[in-house]
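Colleague: Handing you a structure now.
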Amino acid sequence: MNVLLIGSGGREHALAYKIHQSPLLSRLFIAPGNGGTGSLGENVALAVNNHAAVIEFCGAQKIDLVVIGPEAPLVAGLSDQLREAGFDVFGPNKRAAQLEGSKAFTKELCDEMNIPTAKYAHFETLEPALTYVKAQGTPIVIKADGLAAGKGVSVALNLGEAENALKNCFSGSFGAAGSSVIIEEFMEGEEVSFFAISDGEKFITLASAQDHKRALDGDKGPNTGGMGAYSPAPVMTPDLIAKVEKEIIAPTISGLAQRGIPFHGVLYAGLILTKEGPKLIEYNARFGDPECQVLMMRLKSDLLEILLASARGDLSGIVARWHEDAALCVVLAANGYPESYETGQLIEGIERAENPGAKVFHAGTRYKNERLLSTGGRVLNITATGKTISEAQQRAYLAVKEIVWPEGYFRTDIGWRAIKEKQT
């Protein structure tokens, strides 16, 4: 079968890597892809925001399945138009994608289905929001309602930080995404990434993972799109997994189906393990990045078979099987990320880094005159496996040392929490 994969990041390289292994695959196209995906399929210069052009391409290339990687095309309704044109799509429709596209939408669904989450209030103007924060006190969490590239969330430790965060939202710092805000209670606990794939009615649970959002060692510095991840998450016991499935995932899928918007795709729940039990922080309607990279290294099953079953609305008999080895990913980012950074810098050493048990997933790269150049903030994802998270960590950092890119930086402590928990 012919597959079109939408996206250009490390997540998409990891998906392409796993799709490429499927015996079901005939041809793989990636739009637009990156410097790494071109070795697994054909990178195509499609403007994915031009839905008519995407549909025309799918018809011309006899595409059997479209896999949408990033959230923006989902929220923009690309999957709706592709389905209307007769193509199978892995990824929710526009209304279901509001789980990620609108935090207010998700909160209302949580209220309706009794899904455990933080207490909250929704505001569309500054003054009432400020009044609410003063009444509630700090610490408190302020979130832009819409998509803000992972940068629209602030944990305000005092009133001044809360006021600045609210002003940033309402002044247009996050564009339309910040035109309304959700203000939540601050929840304490360990955070976990939990993934399930749904066919609109049923779901299968994927392996657990944890990521590192902060830019610097010790989980310090500004929030980023993610500086590393590992799988499995040792804190997720079988009992906890069953509880999350019953209290969070199942009612979400049921609630969406009751609204007439069945969810076809991957449901990525950001969870926090509080003293009262697991609670939902937020939903994403696509694979996490860099969590996808560690999941794809551990997945034993045929990914394409799973994606196709979800897209066609029948996961009956589908089981996701996993390698017992752990996987860990270290992100190499451009100096200055997540703020301003330069691009177009030469990167060398990829071949040396890809030793047995280690894989380099490209995120922000391209080849020009056979030279690999940086094109983004998060540039490479060095991912390794091992019998333990500690062993995977050692292999990943050995591979990182082979990369020659003076203008990049990385955290040196990815996986620290899991390794510490194992030692105690």
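Every chain in the structure tokens takes a letter, A first, then B, and so on in the order presented; its residues are numbered from 1, and the ligands are numbered from 1 following the presented order.
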With a distance cut-off of 7 Å and only C-alpha atoms, select the neighbouring residues of Ser374 in chain A, excluding the residue or stretch itself and same-chain residues fewer than 3 positions from it, and output the selection as number ranges by chain.

Modeller: A: 343-346, 364-366, 379

Colleague: For the residues selected in the previous step, produce a file with N, CA and C atoms as a short mmCIF file (atom, residue, chain, number, x, y, z; two decimals), in the first residue's frame.

Modeller:
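After the write, out-v6.cif holds the following:
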```
data_model
loop_
_atom_site.label_atom_id
_atom_site.label_comp_id
_atom_site.auth_asym_id
_atom_site.auth_seq_id
_atom_site.Cartn_x
_atom_site.Cartn_y
_atom_site.Cartn_z
N THR A 343 20.21 28.99 12.19
CA THR A 343 20.07 27.76 11.40
C THR A 343 21.14 27.74 10.31
N GLY A 344 21.15 26.66 9.53
CA GLY A 344 22.10 26.56 8.43
C GLY A 344 23.48 26.11 8.84
N GLN A 345 23.61 25.51 10.04
CA GLN A 345 24.92 25.10 10.53
C GLN A 345 25.22 23.65 10.14
N LEU A 346 26.48 23.37 9.85
CA LEU A 346 26.91 22.04 9.42
C LEU A 346 26.92 21.06 10.58
N GLY A 364 15.12 18.90 12.83
CA GLY A 364 15.28 20.13 12.04
C GLY A 364 16.53 20.06 11.21
N THR A 365 16.50 19.29 10.12
CA THR A 365 17.67 19.16 9.26
C THR A 365 17.27 19.14 7.78
N ARG A 366 18.25 19.40 6.93
CA ARG A 366 18.09 19.20 5.49
C ARG A 366 19.47 19.00 4.88
N VAL A 379 16.91 19.72 16.74
CA VAL A 379 17.54 19.36 15.46
C VAL A 379 17.73 17.85 15.30
#
```

Colleague: Which residues, written as a list in words, have at least one atom at most 6 Å from Ala327 in chain A, with only C-alpha atoms counted and residues fewer than 5 positions away on the same chain left out?

Modeller: Tyr230, Ser231, Val294, Ala384, Thr385 and Ala392 of chain A

Colleague: Give me every strand (DSSP E) residue in range 60-113 of chain A, going by DSSP on the backbone, as number ranges by chain.

Modeller: A: 65-68, 88-90

Colleague: My list of candidates is A:Ala45, A:Val54, A:Leu206, A:Ala353. Which is closest to Leu267 in chain A when distances are computed with only C-alpha atoms?

Modeller: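 That would be A:Leu206, the residue with the smallest distance to Leu267 in chain A.
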
Colleague: Per DSSP on the backbone, filter range 175-311 of chain A down to the residues in alpha helix (DSSP H) and report them as a PyMOL selection string.

Modeller: chain A and resi 238-244+250-258+291-298+303-311

Colleague: Would you mind exporting C-alpha atoms of the selected residues as a compact mmCIF listing (two decimals), in the first residue's frame?

Modeller:
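Final output, selection.txt:
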```txt
# COMPACT_ATOMS: atom_id res chain seq x y z
CA PRO A 238 -0.25 -2.27 36.05
CA ASP A 239 -2.77 -1.01 38.62
CA LEU A 240 -2.14 2.61 37.65
CA ILE A 241 -2.43 1.78 33.95
CA ALA A 242 -5.79 0.07 34.55
CA LYS A 243 -6.99 3.07 36.57
CA VAL A 244 -6.02 5.52 33.82
CA ALA A 250 -12.37 5.18 28.26
CA PRO A 251 -14.69 8.04 29.30
CA THR A 252 -12.91 10.41 26.91
CA ILE A 253 -13.49 8.17 23.92
CA SER A 254 -17.04 7.42 25.06
CA GLY A 255 -17.81 11.09 25.63
CA LEU A 256 -16.58 12.09 22.18
CA ALA A 257 -18.58 9.28 20.55
CA GLN A 258 -21.70 10.44 22.42
CA GLU A 291 8.08 10.32 23.19
CA CYS A 292 7.23 8.91 19.75
CA GLN A 293 10.90 8.23 19.13
CA VAL A 294 11.29 5.96 22.16
CA LEU A 295 7.96 4.25 21.50
CA MET A 296 8.88 3.41 17.91
CA MET A 297 12.21 1.93 19.03
CA ARG A 298 10.33 -0.40 21.41
CA LEU A 303 2.81 -0.01 13.10
CA LEU A 304 1.19 0.35 9.69
CA GLU A 305 -1.30 -2.40 10.48
CA ILE A 306 -2.29 -0.58 13.70
CA LEU A 307 -2.64 2.83 12.01
CA LEU A 308 -4.73 1.40 9.20
CA ALA A 309 -7.06 -0.43 11.63
CA SER A 310 -7.62 2.80 13.56
CA ALA A 311 -8.26 4.77 10.38
```

Colleague: Would you mind listing what lies within 8 Å of range 115-132 of chain A as a ChimeraX atom specification, with only C-alpha atoms counted and same-chain residues fewer than 6 positions away left out?

Modeller: /A:104,109,163,166-167,170,179-187,247-248,251-252,278-281

Colleague: Quick one: pull the distance between CA of Leu4 in chain A and CA of Ile382 in chain A, Å, one decimal.

Modeller: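 Here the two named atoms are 24.7 Å from each other.
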
Colleague: Point out the residue among A:Ser390, A:Glu190, A:Asp217, A:Arg95 with the least atom-to-atom distance to Gly260 in chain A, counting only C-alpha atoms.

Modeller: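 Comparing A:Ser390, A:Glu190, A:Asp217, A:Arg95 against Gly260 in chain A, the winner is A:Arg95.
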
Colleague: Rounded to one decimal, what separation in Å do you get between CA of Ala76 in chain A and CA of Gly146 in chain A?

Modeller: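 Separation between CA of Ala76 in chain A and CA of Gly146 in chain A: 12.2 Å.
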
Colleague: List the neighbours of Tyr341 in chain A out to 12 Å using only C-alpha atoms; skip same-chain residues closer than 6 positions along the sequence, and give me the result as a VMD selection string.

Modeller: chain A and resid 333 to 335 374 to 379 407 to 409

Colleague: Please, what distance in Å, to one decimal, runs between CA of His362 in chain A and CA of Ser39 in chain A?

Modeller: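 Computing it gives 11.2 Å between the two atoms.
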
Colleague: May I have the residues within 10 Å of Arg417 in chain A as a list in words, using only C-alpha atoms and disregarding those fewer than 3 positions away in the same chain?

Modeller: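 Here the qualifying residues turn out to be Glu190, Gln210, His212, Gly218, Ala233, Pro234, Val235, Asp413, Ile414, Lys420, Glu421, Lys422 and Gln423 of chain A.
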
Colleague: If we count only C-alpha atoms and set the cut-off at 7 Å, which residues sit around Ser198 in chain A, ignoring sequence neighbours fewer than 5 positions away in its own chain? Please answer as a ChimeraX atom specification.

Modeller: /A:203-204,263-266,310

Colleague: Which neighbours of Pro32 in chain A fall inside 8 Å, counting only C-alpha atoms, when residues of the same chain fewer than 6 positions from it are skipped, and could you give them as JSON, numbers by chain?

Modeller: {"A": [6, 7, 8, 43, 44, 45, 46, 47]}
